[in-house]
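Text of start-v4.pdb, listed as PDB, C-alpha atoms:
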ATOM      1  CA  MET C 746     -61.938 -77.311  10.452
ATOM      2  CA  SER C 747     -59.581 -80.075   9.393
ATOM      3  CA  ARG C 748     -58.859 -80.986   5.797
ATOM      4  CA  SER C 749     -59.770 -84.422   4.468
ATOM      5  CA  ASP C 750     -57.296 -86.720   2.753
ATOM      6  CA  ALA C 751     -59.268 -86.313  -0.474
ATOM      7  CA  TYR C 752     -58.965 -82.529  -0.229
ATOM      8  CA  LEU C 753     -55.191 -82.740   0.301
ATOM      9  CA  ARG C 754     -54.811 -85.227  -2.537
ATOM     10  CA  GLU C 755     -56.731 -82.916  -4.890
ATOM     11  CA  ALA C 756     -54.610 -79.932  -3.850
ATOM     12  CA  VAL C 757     -51.310 -81.676  -4.507
ATOM     13  CA  ASP C 758     -52.481 -82.942  -7.905
ATOM     14  CA  GLN C 759     -53.538 -79.394  -8.786
ATOM     15  CA  VAL C 760     -50.082 -78.122  -7.804
ATOM     16  CA  MET C 761     -48.285 -80.741  -9.854
ATOM     17  CA  ILE C 762     -50.445 -80.137 -12.943
ATOM     18  CA  THR C 763     -49.724 -76.431 -12.539
ATOM     19  CA  ASP C 764     -46.044 -77.363 -12.496
ATOM     20  CA  LEU C 765     -46.567 -79.205 -15.801
ATOM     21  CA  LEU C 766     -48.153 -76.064 -17.277
ATOM     22  CA  ALA C 767     -45.115 -74.040 -16.211
ATOM     23  CA  ARG C 768     -42.716 -76.586 -17.712
ATOM     24  CA  TYR C 769     -44.634 -76.330 -20.992
ATOM     25  CA  VAL C 770     -44.160 -72.569 -21.108
ATOM     26  CA  TRP C 771     -40.449 -72.682 -20.290
ATOM     27  CA  ALA C 772     -39.837 -75.426 -22.825
ATOM     28  CA  ALA C 773     -41.727 -73.545 -25.561
ATOM     29  CA  ASP C 774     -40.269 -70.099 -24.836
ATOM     30  CA  TYR C 775     -36.697 -70.835 -23.739
ATOM     31  CA  GLY C 776     -36.156 -74.610 -23.893
ATOM     32  CA  THR C 777     -35.561 -77.225 -26.574
ATOM     33  CA  PRO C 778     -38.020 -78.989 -28.879
ATOM     34  CA  GLU C 779     -37.206 -82.256 -27.051
ATOM     35  CA  GLU C 780     -38.081 -80.770 -23.667
ATOM     36  CA  TRP C 781     -41.400 -79.526 -25.068
ATOM     37  CA  ALA C 782     -42.306 -82.820 -26.754
ATOM     38  CA  ASP C 783     -41.379 -84.782 -23.603
ATOM     39  CA  LEU C 784     -44.213 -83.114 -21.717
ATOM     40  CA  PHE C 785     -46.670 -85.097 -23.827
ATOM     41  CA  VAL C 786     -47.459 -88.797 -23.718
ATOM     42  CA  ASP C 787     -45.991 -90.814 -26.588
ATOM     43  CA  ASP C 788     -49.083 -90.380 -28.795
ATOM     44  CA  GLY C 789     -49.833 -86.899 -27.468
ATOM     45  CA  ILE C 790     -51.635 -84.356 -29.624
ATOM     46  CA  PHE C 791     -51.180 -80.593 -29.972
ATOM     47  CA  GLY C 792     -53.667 -78.735 -32.109
ATOM     48  CA  SER C 793     -55.516 -75.588 -32.918
ATOM     49  CA  ALA C 794     -58.820 -74.824 -34.553
ATOM     50  CA  ILE C 795     -56.983 -72.154 -36.544
ATOM     51  CA  GLY C 796     -55.330 -73.325 -39.752
ATOM     52  CA  LYS C 797     -56.450 -76.862 -38.897
ATOM     53  CA  LEU C 798     -53.191 -77.389 -37.016
ATOM     54  CA  ARG C 799     -52.841 -80.909 -35.627
ATOM     55  CA  VAL C 800     -49.568 -82.486 -34.498
ATOM     56  CA  VAL C 801     -49.558 -86.113 -33.339
ATOM     57  CA  GLY C 802     -46.807 -88.048 -31.567
ATOM     58  CA  LYS C 803     -43.448 -87.172 -30.064
ATOM     59  CA  ALA C 804     -41.420 -87.002 -33.278
ATOM     60  CA  ARG C 805     -43.880 -84.621 -34.954
ATOM     61  CA  LEU C 806     -44.261 -82.576 -31.767
ATOM     62  CA  LYS C 807     -40.498 -82.132 -31.654
ATOM     63  CA  GLU C 808     -40.414 -81.033 -35.315
ATOM     64  CA  PHE C 809     -43.238 -78.572 -34.737
ATOM     65  CA  ALA C 810     -41.587 -77.048 -31.670
ATOM     66  CA  GLY C 811     -38.413 -76.544 -33.695
ATOM     67  CA  ASP C 812     -40.369 -74.837 -36.470
ATOM     68  CA  LEU C 813     -42.215 -72.612 -33.983
ATOM     69  CA  GLN C 814     -39.013 -71.498 -32.277
ATOM     70  CA  ARG C 815     -37.318 -70.884 -35.622
ATOM     71  CA  THR C 816     -40.145 -68.861 -37.216
ATOM     72  CA  VAL C 817     -41.368 -66.859 -34.203
ATOM     73  CA  PRO C 818     -38.663 -66.507 -31.542
ATOM     74  CA  HIS C 819     -38.965 -64.332 -28.411
ATOM     75  CA  LEU C 820     -42.490 -65.325 -27.435
ATOM     76  CA  HIS C 821     -43.947 -65.424 -23.958
ATOM     77  CA  HIS C 822     -46.883 -67.798 -23.563
ATOM     78  CA  VAL C 823     -48.467 -66.232 -20.489
ATOM     79  CA  THR C 824     -50.843 -68.834 -19.066
ATOM     80  CA  THR C 825     -53.000 -67.966 -16.088
ATOM     81  CA  SER C 826     -56.035 -69.093 -14.108
ATOM     82  CA  PRO C 827     -55.786 -72.858 -14.638
ATOM     83  CA  LYS C 828     -59.088 -74.601 -14.028
ATOM     84  CA  ILE C 829     -58.489 -78.289 -13.470
ATOM     85  CA  GLU C 830     -60.999 -81.140 -13.119
ATOM     86  CA  LEU C 831     -59.464 -84.263 -11.607
ATOM     87  CA  ASP C 832     -60.570 -87.842 -12.182
ATOM     88  CA  GLY C 833     -58.094 -90.212 -10.526
ATOM     89  CA  ASP C 834     -55.046 -90.525 -12.735
ATOM     90  CA  ARG C 835     -56.646 -88.437 -15.479
ATOM     91  CA  ALA C 836     -57.645 -84.797 -15.566
ATOM     92  CA  THR C 837     -58.861 -82.078 -17.882
ATOM     93  CA  GLY C 838     -58.087 -78.415 -17.655
ATOM     94  CA  LYS C 839     -58.095 -75.049 -19.294
ATOM     95  CA  CYS C 840     -56.094 -71.895 -18.790
ATOM     96  CA  GLU C 841     -56.126 -68.472 -20.351
ATOM     97  CA  LEU C 842     -53.390 -67.695 -22.833
ATOM     98  CA  ASN C 843     -52.106 -64.189 -23.441
ATOM     99  CA  GLU C 844     -49.116 -64.342 -25.730
ATOM    100  CA  PHE C 845     -46.539 -61.591 -26.244
ATOM    101  CA  LEU C 846     -43.868 -61.191 -28.898
ATOM    102  CA  SER C 847     -40.806 -59.159 -27.947
ATOM    103  CA  GLN C 848     -39.002 -57.220 -30.664
ATOM    104  CA  PRO C 849     -36.440 -54.438 -30.131
ATOM    105  CA  GLU C 850     -38.939 -51.731 -31.026
ATOM    106  CA  ALA C 851     -41.874 -52.983 -28.912
ATOM    107  CA  ILE C 852     -43.615 -55.834 -27.125
ATOM    108  CA  TYR C 853     -46.641 -57.023 -29.109
ATOM    109  CA  PRO C 854     -49.645 -58.802 -27.593
ATOM    110  CA  ASN C 855     -50.481 -61.351 -30.304
ATOM    111  CA  ILE C 856     -52.760 -64.052 -28.893
ATOM    112  CA  HIS C 857     -55.776 -63.640 -26.621
ATOM    113  CA  GLY C 858     -57.264 -67.072 -26.122
ATOM    114  CA  TRP C 859     -57.071 -70.238 -24.075
ATOM    115  CA  TYR C 860     -55.805 -73.822 -23.941
ATOM    116  CA  GLU C 861     -58.007 -76.860 -23.356
ATOM    117  CA  ASP C 862     -56.084 -79.871 -22.110
ATOM    118  CA  GLU C 863     -56.246 -83.503 -21.137
ATOM    119  CA  TYR C 864     -53.655 -84.830 -18.684
ATOM    120  CA  VAL C 865     -52.531 -88.288 -17.601
ATOM    121  CA  PHE C 866     -50.651 -89.284 -14.420
ATOM    122  CA  ALA C 867     -48.016 -91.846 -15.419
ATOM    123  CA  ASP C 868     -44.814 -93.018 -13.682
ATOM    124  CA  GLY C 869     -45.162 -90.462 -10.908
ATOM    125  CA  ARG C 870     -45.785 -87.372 -13.016
ATOM    126  CA  TRP C 871     -48.453 -85.613 -15.034
ATOM    127  CA  LEU C 872     -48.158 -85.320 -18.807
ATOM    128  CA  PHE C 873     -50.269 -83.793 -21.574
ATOM    129  CA  LYS C 874     -52.407 -86.226 -23.521
ATOM    130  CA  THR C 875     -53.849 -83.416 -25.664
ATOM    131  CA  ARG C 876     -53.617 -79.613 -25.805
ATOM    132  CA  PHE C 877     -55.722 -77.457 -28.115
ATOM    133  CA  VAL C 878     -55.389 -73.709 -28.608
ATOM    134  CA  HIS C 879     -58.537 -71.594 -28.932
ATOM    135  CA  GLN C 880     -58.527 -68.048 -30.302
ATOM    136  CA  PRO C 881     -61.615 -65.869 -30.688
ATOM    137  CA  HIS C 882     -59.705 -63.506 -33.012
ATOM    138  CA  PRO C 883     -56.991 -65.390 -34.891
ATOM    139  CA  GLU C 884     -56.562 -62.333 -37.102
ATOM    140  CA  ASN C 885     -54.657 -60.742 -34.165
ATOM    141  CA  ALA C 886     -51.603 -62.702 -35.396
ATOM    142  CA  MET C 887     -52.350 -62.406 -39.109
ATOM    143  CA  THR C 888     -52.658 -58.686 -39.780
ATOM    144  CA  GLY C 889     -50.440 -55.631 -39.517
ATOM    145  CA  LEU C 890     -46.899 -55.795 -38.200
ATOM    146  CA  VAL C 891     -47.702 -58.773 -35.962
ATOM    147  CA  GLY C 892     -48.957 -60.587 -39.051
ATOM    148  CA  GLU C 893     -45.637 -59.879 -40.767
ATOM    149  CA  TYR C 894     -43.734 -61.428 -37.872
ATOM    150  CA  PHE C 895     -46.009 -64.501 -37.920
ATOM    151  CA  LYS C 896     -46.050 -65.011 -41.696
ATOM    152  CA  ASP C 897     -43.435 -67.807 -41.769
ATOM    153  CA  PHE C 898     -45.105 -69.572 -38.868
ATOM    154  CA  TRP C 899     -48.501 -69.701 -40.608
ATOM    155  CA  ASN C 900     -46.795 -71.033 -43.738
ATOM    156  CA  VAL C 901     -45.071 -73.811 -41.802
ATOM    157  CA  CYS C 902     -48.337 -74.769 -40.075
ATOM    158  CA  ARG C 903     -49.513 -76.128 -43.425
ATOM    159  CA  ASN C 904     -47.113 -79.047 -42.881
ATOM    160  CA  TYR C 905     -48.939 -80.076 -39.714
ATOM    161  CA  ARG C 906     -52.356 -81.460 -40.569
ATOM    162  CA  ASP C 907     -51.766 -84.942 -39.064
TER     163      ASP C 907
ATOM    164  CA  MET A 432     -52.149 -94.823  -8.431
ATOM    165  CA  SER A 433     -51.393 -93.531  -4.917
ATOM    166  CA  ARG A 434     -49.355 -90.412  -4.195
ATOM    167  CA  SER A 435     -46.133 -90.822  -2.185
ATOM    168  CA  ASP A 436     -45.167 -88.740   0.859
ATOM    169  CA  ALA A 437     -42.324 -87.234  -1.185
ATOM    170  CA  TYR A 438     -44.817 -86.162  -3.890
ATOM    171  CA  MET A 439     -47.038 -84.523  -1.253
ATOM    172  CA  SER A 440     -44.140 -82.714   0.434
ATOM    173  CA  ASP A 441     -42.799 -81.546  -2.932
ATOM    174  CA  ALA A 442     -46.182 -80.073  -3.809
ATOM    175  CA  ALA A 443     -46.519 -78.303  -0.456
ATOM    176  CA  ASP A 444     -43.137 -76.586  -0.853
ATOM    177  CA  ARG A 445     -44.042 -75.511  -4.385
ATOM    178  CA  VAL A 446     -47.246 -73.868  -3.183
ATOM    179  CA  MET A 447     -45.433 -71.983  -0.448
ATOM    180  CA  ILE A 448     -42.727 -70.723  -2.801
ATOM    181  CA  ALA A 449     -45.478 -69.612  -5.203
ATOM    182  CA  ASP A 450     -46.997 -67.747  -2.271
ATOM    183  CA  LEU A 451     -43.642 -66.021  -1.658
ATOM    184  CA  VAL A 452     -43.448 -64.979  -5.315
ATOM    185  CA  ALA A 453     -46.962 -63.534  -5.097
ATOM    186  CA  ARG A 454     -46.064 -61.620  -1.906
ATOM    187  CA  TYR A 455     -43.077 -60.121  -3.739
ATOM    188  CA  VAL A 456     -45.363 -58.813  -6.499
ATOM    189  CA  TRP A 457     -47.972 -57.342  -4.135
ATOM    190  CA  ALA A 458     -45.332 -55.709  -1.976
ATOM    191  CA  LEU A 459     -43.594 -54.167  -4.982
ATOM    192  CA  ASP A 460     -46.687 -53.047  -6.883
ATOM    193  CA  TYR A 461     -48.959 -51.956  -4.011
ATOM    194  CA  GLY A 462     -47.138 -52.469  -0.683
ATOM    195  CA  THR A 463     -44.355 -50.758   1.242
ATOM    196  CA  ALA A 464     -40.609 -50.810   0.741
ATOM    197  CA  GLU A 465     -40.233 -52.669   4.073
ATOM    198  CA  GLU A 466     -42.746 -55.328   3.041
ATOM    199  CA  TRP A 467     -40.868 -55.899  -0.196
ATOM    200  CA  ALA A 468     -37.447 -56.064   1.480
ATOM    201  CA  GLY A 469     -39.027 -58.438   4.020
ATOM    202  CA  VAL A 470     -39.449 -61.205   1.417
ATOM    203  CA  PHE A 471     -35.646 -61.399   1.103
ATOM    204  CA  THR A 472     -33.149 -62.926   3.517
ATOM    205  CA  PRO A 473     -31.225 -60.269   5.544
ATOM    206  CA  ASN A 474     -28.360 -60.292   3.022
ATOM    207  CA  GLY A 475     -30.610 -60.906   0.043
ATOM    208  CA  ILE A 476     -29.634 -59.721  -3.421
ATOM    209  CA  LEU A 477     -31.591 -58.228  -6.322
ATOM    210  CA  GLN A 478     -29.621 -57.745  -9.526
ATOM    211  CA  GLY A 479     -29.931 -57.408 -13.256
ATOM    212  CA  SER A 480     -28.172 -59.637 -15.712
ATOM    213  CA  ILE A 481     -26.927 -56.966 -18.104
ATOM    214  CA  GLU A 482     -24.660 -53.931 -17.894
ATOM    215  CA  GLY A 483     -26.346 -50.876 -16.486
ATOM    216  CA  MET A 484     -28.811 -52.865 -14.440
ATOM    217  CA  PRO A 485     -28.596 -52.445 -10.685
ATOM    218  CA  ARG A 486     -27.207 -54.749  -8.020
ATOM    219  CA  ILE A 487     -28.654 -54.285  -4.556
ATOM    220  CA  VAL A 488     -27.420 -56.179  -1.500
ATOM    221  CA  GLY A 489     -29.006 -56.353   1.939
ATOM    222  CA  LYS A 490     -32.257 -55.197   3.507
ATOM    223  CA  GLN A 491     -31.422 -51.534   3.965
ATOM    224  CA  ARG A 492     -30.350 -51.073   0.362
ATOM    225  CA  LEU A 493     -33.376 -53.035  -0.843
ATOM    226  CA  ILE A 494     -35.642 -50.659   1.082
ATOM    227  CA  GLU A 495     -33.904 -47.651  -0.480
ATOM    228  CA  PHE A 496     -34.125 -49.100  -3.982
ATOM    229  CA  SER A 497     -37.797 -49.932  -3.615
ATOM    230  CA  GLY A 498     -38.500 -46.333  -2.654
ATOM    231  CA  ASP A 499     -36.592 -45.064  -5.680
ATOM    232  CA  LEU A 500     -38.394 -47.497  -8.015
ATOM    233  CA  ARG A 501     -41.827 -46.394  -6.823
ATOM    234  CA  ARG A 502     -40.858 -42.733  -7.040
ATOM    235  CA  THR A 503     -39.482 -42.917 -10.592
ATOM    236  CA  VAL A 504     -41.778 -45.492 -12.252
ATOM    237  CA  SER A 505     -45.107 -45.752 -10.514
ATOM    238  CA  HIS A 506     -48.140 -47.863 -11.442
ATOM    239  CA  LEU A 507     -46.396 -51.024 -12.556
ATOM    240  CA  HIS A 508     -47.731 -54.582 -12.617
ATOM    241  CA  HIS A 509     -45.044 -57.242 -12.385
ATOM    242  CA  VAL A 510     -46.951 -60.123 -13.966
ATOM    243  CA  THR A 511     -45.005 -63.234 -13.005
ATOM    244  CA  THR A 512     -46.131 -66.555 -14.402
ATOM    245  CA  SER A 513     -45.045 -70.124 -15.031
ATOM    246  CA  LEU A 514     -43.024 -70.546 -11.866
ATOM    247  CA  LEU A 515     -40.639 -73.475 -12.282
ATOM    248  CA  ILE A 516     -39.027 -74.688  -9.068
ATOM    249  CA  LYS A 517     -36.227 -77.139  -8.229
ATOM    250  CA  LEU A 518     -36.286 -78.223  -4.601
ATOM    251  CA  ASP A 519     -33.265 -79.280  -2.550
ATOM    252  CA  GLY A 520     -34.268 -79.687   1.077
ATOM    253  CA  ASP A 521     -34.408 -76.267   2.724
ATOM    254  CA  ARG A 522     -33.042 -74.572  -0.381
ATOM    255  CA  ALA A 523     -34.527 -74.201  -3.829
ATOM    256  CA  THR A 524     -34.038 -72.432  -7.110
ATOM    257  CA  GLY A 525     -36.712 -71.165  -9.428
ATOM    258  CA  LYS A 526     -37.526 -69.106 -12.430
ATOM    259  CA  SER A 527     -40.636 -67.299 -13.551
ATOM    260  CA  GLN A 528     -41.535 -65.295 -16.614
ATOM    261  CA  LEU A 529     -41.925 -61.574 -16.064
ATOM    262  CA  ASN A 530     -44.202 -59.455 -18.233
ATOM    263  CA  GLU A 531     -44.414 -55.963 -16.826
ATOM    264  CA  PHE A 532     -47.105 -53.410 -17.615
ATOM    265  CA  MET A 533     -47.124 -49.697 -16.829
ATOM    266  CA  SER A 534     -50.436 -47.922 -16.471
ATOM    267  CA  ARG A 535     -50.773 -44.297 -17.506
ATOM    268  CA  PRO A 536     -53.954 -42.316 -18.140
ATOM    269  CA  GLU A 537     -53.520 -42.520 -21.884
ATOM    270  CA  ALA A 538     -52.626 -46.230 -22.171
ATOM    271  CA  ILE A 539     -51.325 -49.419 -20.592
ATOM    272  CA  TYR A 540     -47.794 -50.074 -21.861
ATOM    273  CA  PRO A 541     -46.219 -53.523 -21.969
ATOM    274  CA  CYS A 542     -42.764 -52.429 -20.853
ATOM    275  CA  PHE A 543     -40.815 -55.517 -19.881
ATOM    276  CA  HIS A 544     -40.508 -59.003 -21.349
ATOM    277  CA  GLY A 545     -38.055 -61.167 -19.448
ATOM    278  CA  TRP A 546     -37.693 -63.505 -16.522
ATOM    279  CA  TYR A 547     -36.506 -63.901 -12.941
ATOM    280  CA  GLU A 548     -34.005 -66.500 -11.752
ATOM    281  CA  ASP A 549     -34.138 -67.028  -8.008
ATOM    282  CA  ALA A 550     -32.538 -68.794  -5.102
ATOM    283  CA  TYR A 551     -34.719 -69.426  -2.050
ATOM    284  CA  GLU A 552     -34.089 -70.522   1.549
ATOM    285  CA  TYR A 553     -36.498 -72.052   4.036
ATOM    286  CA  VAL A 554     -35.917 -70.096   7.269
ATOM    287  CA  GLU A 555     -37.931 -70.326  10.509
ATOM    288  CA  GLY A 556     -40.995 -71.847   8.874
ATOM    289  CA  ARG A 557     -41.151 -69.801   5.688
ATOM    290  CA  TRP A 558     -39.447 -69.401   2.347
ATOM    291  CA  LEU A 559     -37.471 -66.241   1.551
ATOM    292  CA  ILE A 560     -35.622 -65.027  -1.533
ATOM    293  CA  SER A 561     -31.853 -65.122  -1.070
ATOM    294  CA  SER A 562     -31.191 -63.818  -4.586
ATOM    295  CA  ARG A 563     -33.223 -62.702  -7.568
ATOM    296  CA  THR A 564     -31.668 -61.942 -10.955
ATOM    297  CA  VAL A 565     -33.684 -60.118 -13.592
ATOM    298  CA  HIS A 566     -33.121 -61.104 -17.230
ATOM    299  CA  MET A 567     -34.244 -59.025 -20.194
ATOM    300  CA  PRO A 568     -33.646 -60.064 -23.855
ATOM    301  CA  HIS A 569     -34.541 -56.593 -25.222
ATOM    302  CA  PRO A 570     -33.620 -53.917 -22.650
ATOM    303  CA  GLU A 571     -34.297 -51.301 -25.306
ATOM    304  CA  ASN A 572     -38.032 -51.927 -24.669
ATOM    305  CA  THR A 573     -37.685 -49.534 -21.696
ATOM    306  CA  GLN A 574     -35.283 -47.122 -23.374
ATOM    307  CA  VAL A 575     -37.016 -46.026 -26.577
ATOM    308  CA  GLY A 576     -40.176 -44.116 -27.421
ATOM    309  CA  LYS A 577     -42.767 -43.086 -24.902
ATOM    310  CA  ILE A 578     -41.874 -45.928 -22.544
ATOM    311  CA  GLY A 579     -38.248 -44.798 -22.638
ATOM    312  CA  GLU A 580     -39.327 -41.322 -21.528
ATOM    313  CA  TYR A 581     -41.201 -42.749 -18.564
ATOM    314  CA  PHE A 582     -38.209 -44.894 -17.570
ATOM    315  CA  THR A 583     -35.490 -42.197 -17.977
ATOM    316  CA  GLU A 584     -35.335 -41.285 -14.293
ATOM    317  CA  PHE A 585     -35.384 -44.918 -13.203
ATOM    318  CA  TRP A 586     -32.329 -45.785 -15.286
ATOM    319  CA  LYS A 587     -30.523 -42.722 -13.898
ATOM    320  CA  VAL A 588     -31.243 -43.736 -10.316
ATOM    321  CA  CYS A 589     -30.023 -47.278 -11.046
ATOM    322  CA  GLU A 590     -26.527 -45.818 -11.327
ATOM    323  CA  ASN A 591     -26.593 -45.461  -7.507
ATOM    324  CA  TYR A 592     -27.057 -49.197  -7.088
ATOM    325  CA  ARG A 593     -23.910 -51.089  -8.047
ATOM    326  CA  ASP A 594     -23.323 -52.790  -4.683
TER     327      ASP A 594
END
Output the structure of this file as structure tokens.
Amino acid sequence: MSRSDAYLREAVDQVMITDLLARYVWAADYGTPEEWADLFVDDGIFGSAIGKLRVVGKARLKEFAGDLQRTVPHLHHVTTSPKIELDGDRATGKCELNEFLSQPEAIYPNIHGWYEDEYVFADGRWLFKTRFVHQPHPENAMTGLVGEYFKDFWNVCRNYRD
Amino acid sequence: MSRSDAYMSDAADRVMIADLVARYVWALDYGTAEEWAGVFTPNGILQGSIEGMPRIVGKQRLIEFSGDLRRTVSHLHHVTTSLLIKLDGDRATGKSQLNEFMSRPEAIYPCFHGWYEDAYEYVEGRWLISSRTVHMPHPENTQVGKIGEYFTEFWKVCENYRD
């Protein structure tokens, strides 16, 4: 059975949004704050229900990425199973997030949640319009030894209630 | 906005390289040594980025190493995510995050937190790995505690692989 043009178009957009998701992870975990912020549109928003975190616009996104990398280095944002709904040059999506913190003595799972996103296709590429983090058990990163490692990060989040 | 032919071709190559990366994982975690070596070019290279990590060159040595890995550290999952690819015609480079887990009756151990950096070649209608380098910020993760005990034999056998 042949594949329609619409089917092929959907598949390639799915691939390229998946590429955007990968770029996000590499920028956050091993890249620069500029690289991370550049994956968003100019008035892009990153937020979380936890701690009322909300970061709006490229300059603030860049500051936040710097603070994240400074306060909690050696993270892996493991994002899997992207589920993308396409609508022309816009799309929404979600993917599971399992985050791990590497320290010399052990690797700590610290987030078990998901991202919910909006994307925009502009100038030949997909970008984030919004990304929100959801966590059923935010206390995973607030208690015990993991909580100790995240303490500075939660303090700095108070500066981001845009 | 329409999608150009270059955009479509780019996406197709990305999917097929992602398929290669998945075949690597399945071959290593549940397949045969020959299947795993078969995802490399004939003179393909697997190496680590730090001292003490192995360097294996060519299909025969890859087959041997795969057998030693399975024998010394069984029941691993090489969870590779966020594949980032740069295409250049029939060649490409890529990197993916690697989070490895070891299953034992008493627990599942996160044992590796690092990444792969790869070079790929498009040969006779399919992509193959010409080199894969394993990076590991905290190699002590597999050298201390209970995980260290499970990995002791693996690190010893790695001494035979400095091609």
(request) Please provide as a list of chain:residue names all residues within 6 Å of Phe791 in chain C, with the sequence filter that same-chain residues fewer than 6 positions apart are discarded (counting all atoms listed in the file). (result) C:Arg799, C:Val800, C:Thr875, C:Arg876, C:Phe877
(request) Show me which bits of chain A are within 7 Å of chain C, counting all atoms listed in the file, as a PyMOL selection string. (result) chain A and resi 432+439+442+446+512-515+541+544+569+571-572
Please write the residues from the selection above to a file, keeping C-alpha atoms, as a short mmCIF file (atom, residue, chain, number, x, y, z; two decimals), in the coordinates of the input.
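The resulting file, result.cif, is shown below:
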data_model
loop_
_atom_site.label_atom_id
_atom_site.label_comp_id
_atom_site.auth_asym_id
_atom_site.auth_seq_id
_atom_site.Cartn_x
_atom_site.Cartn_y
_atom_site.Cartn_z
CA MET A 432 -52.15 -94.82 -8.43
CA MET A 439 -47.04 -84.52 -1.25
CA ALA A 442 -46.18 -80.07 -3.81
CA VAL A 446 -47.25 -73.87 -3.18
CA THR A 512 -46.13 -66.56 -14.40
CA SER A 513 -45.04 -70.12 -15.03
CA LEU A 514 -43.02 -70.55 -11.87
CA LEU A 515 -40.64 -73.47 -12.28
CA PRO A 541 -46.22 -53.52 -21.97
CA HIS A 544 -40.51 -59.00 -21.35
CA HIS A 569 -34.54 -56.59 -25.22
CA GLU A 571 -34.30 -51.30 -25.31
CA ASN A 572 -38.03 -51.93 -24.67
#
(message) Expand the PyMOL selection byres ((chain C and resi 816) around 8) into the explicit residue set it covers here, and present it as number ranges by chain.
(response) C: 812-815, 817-818, 895, 897-898
(request) Work out how far CA of Pro536 in chain A is from CA of Thr583 in chain A, in Å to one decimal. (result)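 Separation between CA of Thr583 in chain A and CA of Pro536 in chain A: 18.5 Å.
For the set A:Ala538, A:Ala550, A:Leu529, A:Met567, the residue with the smallest atom-to-atom gap to Met484 in chain A is A:Met567, counting all atoms listed in the file.
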Report, as JSON, the axis-aligned box around all atoms of range 779-792 of chain C present in the file, extended by 5 Å on each side; give centre and edge lengths in Å to one decimal place.
{"center_x": -45.4, "center_y": -84.8, "center_z": -26.9, "size_x": 26.5, "size_y": 22.1, "size_z": 20.4}
(message) Could you tell me how far CA of Val510 in chain A sits from CA of Lys896 in chain C, in Å to one decimal place?
(response)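 According to the coordinates, CA of Lys896 in chain C and CA of Val510 in chain A are separated by 28.2 Å.
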